[in-house]
Amino acid sequence: MLSMAQPSPERVPSPAEQEWAGPEALCPGWLEDEAPDGDVPGDSGDPDGATHAFERLQSALCQEGLPPTLDCSAEPRTGFGPLDMTVCILGSPTAFLPVLLEGGTRCPGAMVLCLSPTWASRVPSESCPGAWSLLLSQGVSFKVGGHSALETFVPPRRANYVTGTFAPWDPEGGWAAELARDLDCPTGGSAPLARRLEDLLVTRWVLAARAKLPVPPTLAFVLGARGDLPAELEVPGVRLVRLQDPQGQDSLVQEEVGAFLGGTAMEPYSQVMVRPAGWRWQGTGTHSTHRKEEGVAVAQAVCARLRGLTEEDSVLLEAMVPTARLPLPPPRSPAPRLPVALRICTLLCRSWGDRPQLCQVACAVGRAESPVRHGAALPQGLDSSLQQWGVVAPSQRQALATRLRGTAEAAMAALLAAEAELSPQQRGGTRARTDILGVDFLLACVDDALELVALATNSQRCLETCVLAEAMGRAVGEPAGDLPRLLAEAMLHRAQCHLVEGKDILLIGAGGVSKSFVWEAAREYGLKIHLVESDPEHFAAGLVQTFLPYDSREHRRDEEHAERVLELVRSRGLRPHACLSYWDDCVVLAALVCQGLGLRGCSPAAVRVAKQKSRTHQHLQRCRRGRPPPAAFAVPCRRLQSHGDVERAAGAVPFPAVAKLEFGAGGVGVRLVEDAGQCHAHAARLWRDLRDDADHPGIGLGWGNAMLLMEYVPGTEHDVDLVVFDGRLVGAWVSDNGPTRVPAFLETAACLPSCLPADRQAQLVRAALQCCRACGLRDGVFNVELKLGPGGPRLLEINPRMGGFYLRDWIREVYGPDLLLAAVLVALGVPPVLPARPAPRAHLAGVMCLGSEHGAALAGGGGMEALRELQGRGLVRLNRLFEEVAGDGEYEEPLLSVACDGATRAEACVRLLGLCQALGIDSPRYPVEHFLSHFK
């Protein structure tokens, strides 16, 4: 909060000077009552507007210094299949141009601009009864470097995602909205949703009731039931009066107006405005302003507006909230200062996980007595606007920017939640959702502190404003902003989600309870899972399309198992589009089945190299090309199958060393040994206790119980989760592990994002990628465990599958993308669209709970019930790893991961430590504070 205690040296503006034109005047865009370039497309022999729109596109490309669109329409494009992505933009070529250019760079040819209703057709959907598919016979596609081409598509190209100009006031909104109605693919908006966003009464009710945001005190008159509003509108700042007949209601109107003007909500304000509201009135500027004392004139103005009221409209009487007045430094000249107004425009998009994300902010400043309307002034940045307004301290400006982000995203979240409750007909289709919207704010003074007052929402004006602001910044050498990238990524991501719908996925191995999210995600993405699983009673049998029980636990016979699985698949008539495994034991079998079906995936030889730990390091030690070569990341190690091997390994591997299972998982059986004697003793115990899969399922004993002795590497431990497509890095995330309880190496704590500086994280990512490539892993989602010491990264092991435990959940929560979806896309042969510049939305810190240490506190002490209750309130994140204690003693695996989030890493750690102390997870034997102390 910024104190408003100091009096302003400027005079208080008169009521006329404080007048402003309402939410439609908050920020600049294009004047909606002017046709672009001064022409109406239909006036010049261009009945569908295509020629005029194409000319506007060429003009916009020219202004950006880009080549004109190449006409390739004489040679039709063919060969588009069910896995080819098509993001279709309908209507205006200017508002979405930066998004089209960015999308063309990220996914060349996937972004298609449709400039005419004759370029597309609607056909009944084959997959969704009652819906329609949009087919493009012509369009402008965009490629790398700003190149574009006018193309025809034979046969027509099916859209996977559709958005465009649905604004009611836009000349192109009519045909674009009609083409986008009731589609079977994701649709970013619709005419009904745009009209809802442009209805000031509806959105102001949602912002006040759902987002709990301050809005200008408003008295609204509506006719009849108005089904888009609740029966009882009880929200702070908004009062609703329902009229059965707009005629003969003068006494009721006078009574309501008098009560409103004399109410406590109006005490801080001196002026009011009367105007009609509803989507058809946006941009008209129709209003009248009055002093609060002029009660009779106000009531007469309301009654006059009510005479033309329809059931879609409303008449609003609202307080005119003046912009906050801040103390300013003495003027540089004796010329009088004129009172001005500040309006803040925010543009948001629906990002990964359906979360609102602020894309850009633009401000407009104008004379208080004649404020700017959309299109009447050029935008400027928030920081410079606040400086101009007298907010001198950078920390205060940053605090306001942070608050604006949270407020704007809360506003969008409330609007999306209310929208989700609408029927498909009210939304304009089952798949129609608002993906981009603008929210306008006023910087006001409430109780001597600055407050953001939510004024209105819109479907396109803020997009146009922010596009203009981006272009203006580039003209003076400013680096490109995030706006085009964020919008393009959001659209391409939704298109990719639609691509995977209905795809048949052959999944090898169900795993345990820690993989339960797979079945929920499969349902969410519309995947048809055909599961091959060794346990005929597995709980997932009833959650998949096809359950194929087959015992493959003896993985030394995987070639034989692969043949049997292929026979099972063929006998059922299955034709999977992809085959993969998330379960460590089954990665080689999945690669063999993939190869047998001719599906995309890593070769069995590559997966075998990565799966066998000693073989991984010995292979890398032979890879000596590169700067540095992959050999630089390998660690000396030797395979142990007998006590004689221990003696030979002791002569080649320096002590202290790490002894562990060759094919192990979960950290089971890993131990620090100080000399050959300790190694002999540990190997003897392990070979006695862990002989086959029945002794401890899920840790790799189906491959045997061979061990390896590896040189101990000092440093901090990290996980790097990679998405690789055709050998190219598509995405990477680095997380940190806390100190282990030596001599065992079971994980204790973790945090995401990493504490490391960017250059050290880059070292880990590059080392992980080079090791994967060197082993032949060129397609998939991989988890790489490394240590980082003063000399750089050293590899511990490669897991040729998605990261286990909590990693998929955490990465999705902190960054948005889903590793499971990425793995499916890669297996389908589609390069996943992931954030080009991933920014964390929060910080997570977590600890592992063990049955031996925490069983009593979690079960008998009621800790588990408390954790579930906290999880339901969003205060903790739980990742259940096993239904019951897995193993015992030195072979124990973690039972549960408990994590807390925070705006900073320190905040997350403090919350987690307090929770662990309260529930008895922290103890002298299990010092959580020590585990978390490494995250600095």
# chains A, B, ... in the order shown; residues from 1 in each chain; ligands from 1
$ residues_around --residues "A:Met266" --least-positions-apart "2" --cutoff "12 Å" --atoms "only C-alpha atoms" --output "PyMOL selection string"
chain A and resi 216-219+237-238+257-264+268-272+291-293+317-321
$ select_by_dssp --residues "stretch 201-369 of chain A" --states "strand (DSSP E or B)" --output "PyMOL selection string"
chain A and resi 218-223+235+238-243+271-277+288-291+314-319+340-351+355-367
$ residues_around --residues "A:Leu240" --least-positions-apart "2" --cutoff "9 Å" --atoms "only C-alpha atoms" --output "PyMOL selection string"
chain A and resi 218-222+232-234+238+242
$ write_last_selection --atoms "all heavy atoms" --output "mmCIF file, in the first residue's frame"
data_model
loop_
_atom_site.group_PDB
_atom_site.id
_atom_site.type_symbol
_atom_site.label_atom_id
_atom_site.label_comp_id
_atom_site.auth_asym_id
_atom_site.auth_seq_id
_atom_site.Cartn_x
_atom_site.Cartn_y
_atom_site.Cartn_z
ATOM 1 N N THR A 218 -22.538 0.794 -8.118
ATOM 2 C CA THR A 218 -23.392 0.724 -9.308
ATOM 3 C C THR A 218 -24.812 0.361 -8.918
ATOM 4 O O THR A 218 -25.027 -0.575 -8.134
ATOM 5 C CB THR A 218 -22.849 -0.327 -10.291
ATOM 6 O OG1 THR A 218 -21.490 -0.019 -10.616
ATOM 7 C CG2 THR A 218 -23.667 -0.361 -11.567
ATOM 8 N N LEU A 219 -25.781 1.096 -9.468
ATOM 9 C CA LEU A 219 -27.205 0.771 -9.368
ATOM 10 C C LEU A 219 -27.661 0.399 -10.774
ATOM 11 O O LEU A 219 -27.536 1.197 -11.700
ATOM 12 C CB LEU A 219 -28.001 1.957 -8.838
ATOM 13 C CG LEU A 219 -29.524 1.808 -8.794
ATOM 14 C CD1 LEU A 219 -29.933 0.694 -7.832
ATOM 15 C CD2 LEU A 219 -30.184 3.127 -8.393
ATOM 16 N N ALA A 220 -28.162 -0.830 -10.933
ATOM 17 C CA ALA A 220 -28.517 -1.332 -12.258
ATOM 18 C C ALA A 220 -30.008 -1.624 -12.341
ATOM 19 O O ALA A 220 -30.584 -2.212 -11.415
ATOM 20 C CB ALA A 220 -27.718 -2.593 -12.569
ATOM 21 N N PHE A 221 -30.610 -1.220 -13.438
ATOM 22 C CA PHE A 221 -32.015 -1.507 -13.726
ATOM 23 C C PHE A 221 -32.075 -2.445 -14.917
ATOM 24 O O PHE A 221 -31.489 -2.157 -15.969
ATOM 25 C CB PHE A 221 -32.785 -0.217 -14.040
ATOM 26 C CG PHE A 221 -32.864 0.746 -12.890
ATOM 27 C CD1 PHE A 221 -31.864 1.699 -12.699
ATOM 28 C CD2 PHE A 221 -33.910 0.696 -11.986
ATOM 29 C CE1 PHE A 221 -31.926 2.594 -11.644
ATOM 30 C CE2 PHE A 221 -33.980 1.580 -10.920
ATOM 31 C CZ PHE A 221 -32.982 2.535 -10.742
ATOM 32 N N VAL A 222 -32.801 -3.569 -14.746
ATOM 33 C CA VAL A 222 -32.956 -4.521 -15.837
ATOM 34 C C VAL A 222 -34.431 -4.834 -16.008
ATOM 35 O O VAL A 222 -35.253 -4.601 -15.101
ATOM 36 C CB VAL A 222 -32.166 -5.819 -15.592
ATOM 37 C CG1 VAL A 222 -30.691 -5.543 -15.462
ATOM 38 C CG2 VAL A 222 -32.687 -6.542 -14.350
ATOM 39 N N GLU A 232 -30.880 -13.371 -6.929
ATOM 40 C CA GLU A 232 -30.589 -12.390 -5.881
ATOM 41 C C GLU A 232 -29.158 -11.905 -6.052
ATOM 42 O O GLU A 232 -28.223 -12.648 -5.793
ATOM 43 C CB GLU A 232 -30.786 -13.002 -4.498
ATOM 44 C CG GLU A 232 -32.210 -13.460 -4.212
ATOM 45 C CD GLU A 232 -33.190 -12.297 -4.182
ATOM 46 O OE1 GLU A 232 -32.770 -11.186 -3.801
ATOM 47 O OE2 GLU A 232 -34.364 -12.502 -4.540
ATOM 48 N N LEU A 233 -29.015 -10.675 -6.495
ATOM 49 C CA LEU A 233 -27.677 -10.125 -6.737
ATOM 50 C C LEU A 233 -27.234 -9.378 -5.486
ATOM 51 O O LEU A 233 -27.493 -8.187 -5.323
ATOM 52 C CB LEU A 233 -27.709 -9.190 -7.950
ATOM 53 C CG LEU A 233 -26.358 -8.721 -8.478
ATOM 54 C CD1 LEU A 233 -25.610 -9.909 -9.071
ATOM 55 C CD2 LEU A 233 -26.531 -7.660 -9.537
ATOM 56 N N GLU A 234 -26.598 -10.093 -4.587
ATOM 57 C CA GLU A 234 -26.138 -9.501 -3.334
ATOM 58 C C GLU A 234 -24.615 -9.441 -3.352
ATOM 59 O O GLU A 234 -23.939 -10.347 -2.893
ATOM 60 C CB GLU A 234 -26.632 -10.324 -2.139
ATOM 61 C CG GLU A 234 -28.147 -10.380 -1.992
ATOM 62 C CD GLU A 234 -28.744 -9.023 -1.615
ATOM 63 O OE1 GLU A 234 -27.996 -8.199 -1.047
ATOM 64 O OE2 GLU A 234 -29.932 -8.799 -1.896
ATOM 65 N N VAL A 238 -22.732 -3.378 -6.022
ATOM 66 C CA VAL A 238 -23.666 -3.509 -7.140
ATOM 67 C C VAL A 238 -25.048 -3.837 -6.595
ATOM 68 O O VAL A 238 -25.220 -4.828 -5.884
ATOM 69 C CB VAL A 238 -23.223 -4.603 -8.130
ATOM 70 C CG1 VAL A 238 -24.182 -4.676 -9.314
ATOM 71 C CG2 VAL A 238 -21.804 -4.351 -8.620
ATOM 72 N N ARG A 242 -35.014 -5.102 -10.591
ATOM 73 C CA ARG A 242 -35.708 -5.744 -11.707
ATOM 74 C C ARG A 242 -37.049 -5.054 -11.939
ATOM 75 O O ARG A 242 -37.844 -4.889 -11.011
ATOM 76 C CB ARG A 242 -35.925 -7.228 -11.422
ATOM 77 C CG ARG A 242 -34.627 -8.011 -11.249
ATOM 78 C CD ARG A 242 -34.910 -9.478 -10.974
ATOM 79 N NE ARG A 242 -33.681 -10.209 -10.711
ATOM 80 C CZ ARG A 242 -32.915 -10.764 -11.646
ATOM 81 N NH1 ARG A 242 -33.270 -10.649 -12.921
ATOM 82 N NH2 ARG A 242 -31.819 -11.410 -11.337
#
$ closest_residue --among "A:Tyr525, A:Trp703, A:Trp519, A:Tyr550" --to "A:Val587" --atoms "only C-alpha atoms"
A:Trp703
$ closest_atom_pairs --of "stretch 694-811 of chain A" --to "stretch 615-621 of chain A" --cutoff "8 Å" --atoms "only C-alpha atoms" --output "tab-separated table"
residue	atom	partner	partner_atom	distance
A:Cys771	CA	A:Leu620	CA	7.1
A:Ala774	CA	A:Leu620	CA	6.8
A:Cys775	CA	A:Thr616	CA	7.2
A:Glu797	CA	A:Thr616	CA	7.6
A:Ile798	CA	A:Thr616	CA	7.9
$ write_last_selection --atoms "N, CA and C atoms" --output "short mmCIF file (atom, residue, chain, number, x, y, z; two decimals), in the first residue's frame"
data_model
loop_
_atom_site.label_atom_id
_atom_site.label_comp_id
_atom_site.auth_asym_id
_atom_site.auth_seq_id
_atom_site.Cartn_x
_atom_site.Cartn_y
_atom_site.Cartn_z
N CYS A 771 24.55 -36.63 -22.51
CA CYS A 771 24.58 -38.04 -22.08
C CYS A 771 23.46 -38.83 -22.75
N ALA A 774 24.28 -39.27 -26.45
CA ALA A 774 25.39 -40.21 -26.64
C ALA A 774 24.94 -41.65 -26.46
N CYS A 775 23.93 -41.86 -25.62
CA CYS A 775 23.42 -43.22 -25.42
C CYS A 775 22.42 -43.61 -26.50
N GLU A 797 22.86 -41.39 -13.00
CA GLU A 797 22.17 -42.39 -13.84
C GLU A 797 21.15 -41.71 -14.74
N ILE A 798 20.76 -42.42 -15.79
CA ILE A 798 19.73 -41.97 -16.72
C ILE A 798 18.53 -42.89 -16.56
#
$ atom_distance --atom1 "atom CA of A:Glu126" --atom2 "atom CA of A:Gly139"
23.2 Å
$ decode --residues "stretch 745-786 of chain A" --atoms "N, CA and C atoms" --output "mmCIF file, in the first residue's frame"
data_model
loop_
_atom_site.group_PDB
_atom_site.id
_atom_site.type_symbol
_atom_site.label_atom_id
_atom_site.label_comp_id
_atom_site.auth_asym_id
_atom_site.auth_seq_id
_atom_site.Cartn_x
_atom_site.Cartn_y
_atom_site.Cartn_z
ATOM 1 N N PHE A 745 21.290 -43.546 0.626
ATOM 2 C CA PHE A 745 21.107 -42.433 -0.300
ATOM 3 C C PHE A 745 19.624 -42.232 -0.656
ATOM 4 N N LEU A 746 18.754 -42.584 0.292
ATOM 5 C CA LEU A 746 17.332 -42.370 0.068
ATOM 6 C C LEU A 746 17.048 -40.869 0.095
ATOM 7 N N GLU A 747 16.209 -40.411 -0.832
ATOM 8 C CA GLU A 747 15.926 -38.979 -0.932
ATOM 9 C C GLU A 747 15.211 -38.484 0.312
ATOM 10 N N THR A 748 15.587 -37.289 0.777
ATOM 11 C CA THR A 748 14.971 -36.701 1.970
ATOM 12 C C THR A 748 14.119 -35.485 1.628
ATOM 13 N N ALA A 749 14.622 -34.599 0.798
ATOM 14 C CA ALA A 749 13.923 -33.344 0.520
ATOM 15 C C ALA A 749 14.244 -32.893 -0.900
ATOM 16 N N ALA A 750 13.425 -31.974 -1.403
ATOM 17 C CA ALA A 750 13.633 -31.459 -2.759
ATOM 18 C C ALA A 750 12.998 -30.088 -2.869
ATOM 19 N N CYS A 751 13.433 -29.333 -3.874
ATOM 20 C CA CYS A 751 12.804 -28.050 -4.159
ATOM 21 C C CYS A 751 12.793 -27.803 -5.660
ATOM 22 N N LEU A 752 11.805 -27.046 -6.085
ATOM 23 C CA LEU A 752 11.655 -26.616 -7.476
ATOM 24 C C LEU A 752 11.031 -25.232 -7.456
ATOM 25 N N PRO A 753 11.567 -24.271 -8.213
ATOM 26 C CA PRO A 753 12.739 -24.305 -9.098
ATOM 27 C C PRO A 753 14.041 -24.514 -8.329
ATOM 28 N N SER A 754 15.085 -24.770 -9.102
ATOM 29 C CA SER A 754 16.397 -24.977 -8.518
ATOM 30 C C SER A 754 16.914 -23.705 -7.864
ATOM 31 N N CYS A 755 17.741 -23.899 -6.831
ATOM 32 C CA CYS A 755 18.415 -22.764 -6.188
ATOM 33 C C CYS A 755 19.595 -22.260 -7.016
ATOM 34 N N LEU A 756 20.036 -23.036 -7.973
ATOM 35 C CA LEU A 756 21.264 -22.716 -8.690
ATOM 36 C C LEU A 756 21.093 -21.504 -9.591
ATOM 37 N N PRO A 757 22.168 -20.749 -9.808
ATOM 38 C CA PRO A 757 22.111 -19.689 -10.822
ATOM 39 C C PRO A 757 21.921 -20.282 -12.209
ATOM 40 N N ALA A 758 21.494 -19.442 -13.133
ATOM 41 C CA ALA A 758 21.120 -19.928 -14.463
ATOM 42 C C ALA A 758 22.265 -20.646 -15.161
ATOM 43 N N ASP A 759 23.499 -20.154 -15.006
ATOM 44 C CA ASP A 759 24.592 -20.780 -15.735
ATOM 45 C C ASP A 759 24.898 -22.180 -15.208
ATOM 46 N N ARG A 760 24.716 -22.392 -13.895
ATOM 47 C CA ARG A 760 24.955 -23.717 -13.329
ATOM 48 C C ARG A 760 23.825 -24.680 -13.726
ATOM 49 N N GLN A 761 22.608 -24.182 -13.789
ATOM 50 C CA GLN A 761 21.516 -25.008 -14.293
ATOM 51 C C GLN A 761 21.771 -25.392 -15.756
ATOM 52 N N ALA A 762 22.289 -24.430 -16.525
ATOM 53 C CA ALA A 762 22.588 -24.703 -17.936
ATOM 54 C C ALA A 762 23.634 -25.805 -18.066
ATOM 55 N N GLN A 763 24.598 -25.826 -17.158
ATOM 56 C CA GLN A 763 25.594 -26.898 -17.174
ATOM 57 C C GLN A 763 24.923 -28.263 -16.996
ATOM 58 N N LEU A 764 24.014 -28.351 -16.042
ATOM 59 C CA LEU A 764 23.330 -29.612 -15.777
ATOM 60 C C LEU A 764 22.491 -30.049 -16.974
ATOM 61 N N VAL A 765 21.761 -29.103 -17.558
ATOM 62 C CA VAL A 765 20.900 -29.447 -18.689
ATOM 63 C C VAL A 765 21.732 -29.915 -19.879
ATOM 64 N N ARG A 766 22.832 -29.205 -20.155
ATOM 65 C CA ARG A 766 23.664 -29.609 -21.287
ATOM 66 C C ARG A 766 24.309 -30.972 -21.048
ATOM 67 N N ALA A 767 24.768 -31.202 -19.836
ATOM 68 C CA ALA A 767 25.368 -32.509 -19.530
ATOM 69 C C ALA A 767 24.337 -33.624 -19.685
ATOM 70 N N ALA A 768 23.122 -33.397 -19.165
ATOM 71 C CA ALA A 768 22.070 -34.408 -19.264
ATOM 72 C C ALA A 768 21.720 -34.689 -20.720
ATOM 73 N N LEU A 769 21.612 -33.633 -21.518
ATOM 74 C CA LEU A 769 21.254 -33.809 -22.925
ATOM 75 C C LEU A 769 22.348 -34.550 -23.684
ATOM 76 N N GLN A 770 23.610 -34.173 -23.457
ATOM 77 C CA GLN A 770 24.705 -34.845 -24.154
ATOM 78 C C GLN A 770 24.790 -36.320 -23.779
ATOM 79 N N CYS A 771 24.545 -36.630 -22.507
ATOM 80 C CA CYS A 771 24.585 -38.037 -22.085
ATOM 81 C C CYS A 771 23.457 -38.827 -22.750
ATOM 82 N N CYS A 772 22.270 -38.255 -22.808
ATOM 83 C CA CYS A 772 21.148 -38.948 -23.451
ATOM 84 C C CYS A 772 21.422 -39.164 -24.935
ATOM 85 N N ARG A 773 21.869 -38.132 -25.609
ATOM 86 C CA ARG A 773 22.157 -38.264 -27.043
ATOM 87 C C ARG A 773 23.242 -39.307 -27.284
ATOM 88 N N ALA A 774 24.279 -39.275 -26.453
ATOM 89 C CA ALA A 774 25.387 -40.208 -26.643
ATOM 90 C C ALA A 774 24.944 -41.652 -26.457
ATOM 91 N N CYS A 775 23.932 -41.864 -25.619
ATOM 92 C CA CYS A 775 23.418 -43.223 -25.418
ATOM 93 C C CYS A 775 22.418 -43.609 -26.495
ATOM 94 N N GLY A 776 22.043 -42.673 -27.356
ATOM 95 C CA GLY A 776 21.088 -42.970 -28.423
ATOM 96 C C GLY A 776 19.658 -42.619 -28.089
ATOM 97 N N LEU A 777 19.426 -41.928 -26.966
ATOM 98 C CA LEU A 777 18.077 -41.510 -26.576
ATOM 99 C C LEU A 777 17.759 -40.194 -27.277
ATOM 100 N N ARG A 778 16.995 -40.250 -28.360
ATOM 101 C CA ARG A 778 16.738 -39.083 -29.190
ATOM 102 C C ARG A 778 15.265 -38.680 -29.238
ATOM 103 N N ASP A 779 14.388 -39.492 -28.680
ATOM 104 C CA ASP A 779 12.964 -39.187 -28.701
ATOM 105 C C ASP A 779 12.328 -39.644 -27.404
ATOM 106 N N GLY A 780 11.846 -38.708 -26.616
ATOM 107 C CA GLY A 780 11.149 -39.114 -25.408
ATOM 108 C C GLY A 780 11.303 -38.112 -24.284
ATOM 109 N N VAL A 781 10.767 -38.500 -23.136
ATOM 110 C CA VAL A 781 10.887 -37.717 -21.901
ATOM 111 C C VAL A 781 11.765 -38.525 -20.959
ATOM 112 N N PHE A 782 12.864 -37.933 -20.512
ATOM 113 C CA PHE A 782 13.873 -38.659 -19.739
ATOM 114 C C PHE A 782 14.156 -37.923 -18.429
ATOM 115 N N ASN A 783 14.503 -38.710 -17.420
ATOM 116 C CA ASN A 783 14.899 -38.177 -16.125
ATOM 117 C C ASN A 783 16.374 -38.521 -15.899
ATOM 118 N N VAL A 784 17.190 -37.510 -15.673
ATOM 119 C CA VAL A 784 18.635 -37.700 -15.520
ATOM 120 C C VAL A 784 19.046 -37.197 -14.142
ATOM 121 N N GLU A 785 19.720 -38.056 -13.393
ATOM 122 C CA GLU A 785 20.190 -37.696 -12.056
ATOM 123 C C GLU A 785 21.678 -37.386 -12.133
ATOM 124 N N LEU A 786 22.042 -36.198 -11.632
ATOM 125 C CA LEU A 786 23.439 -35.757 -11.677
ATOM 126 C C LEU A 786 23.849 -35.161 -10.344
#
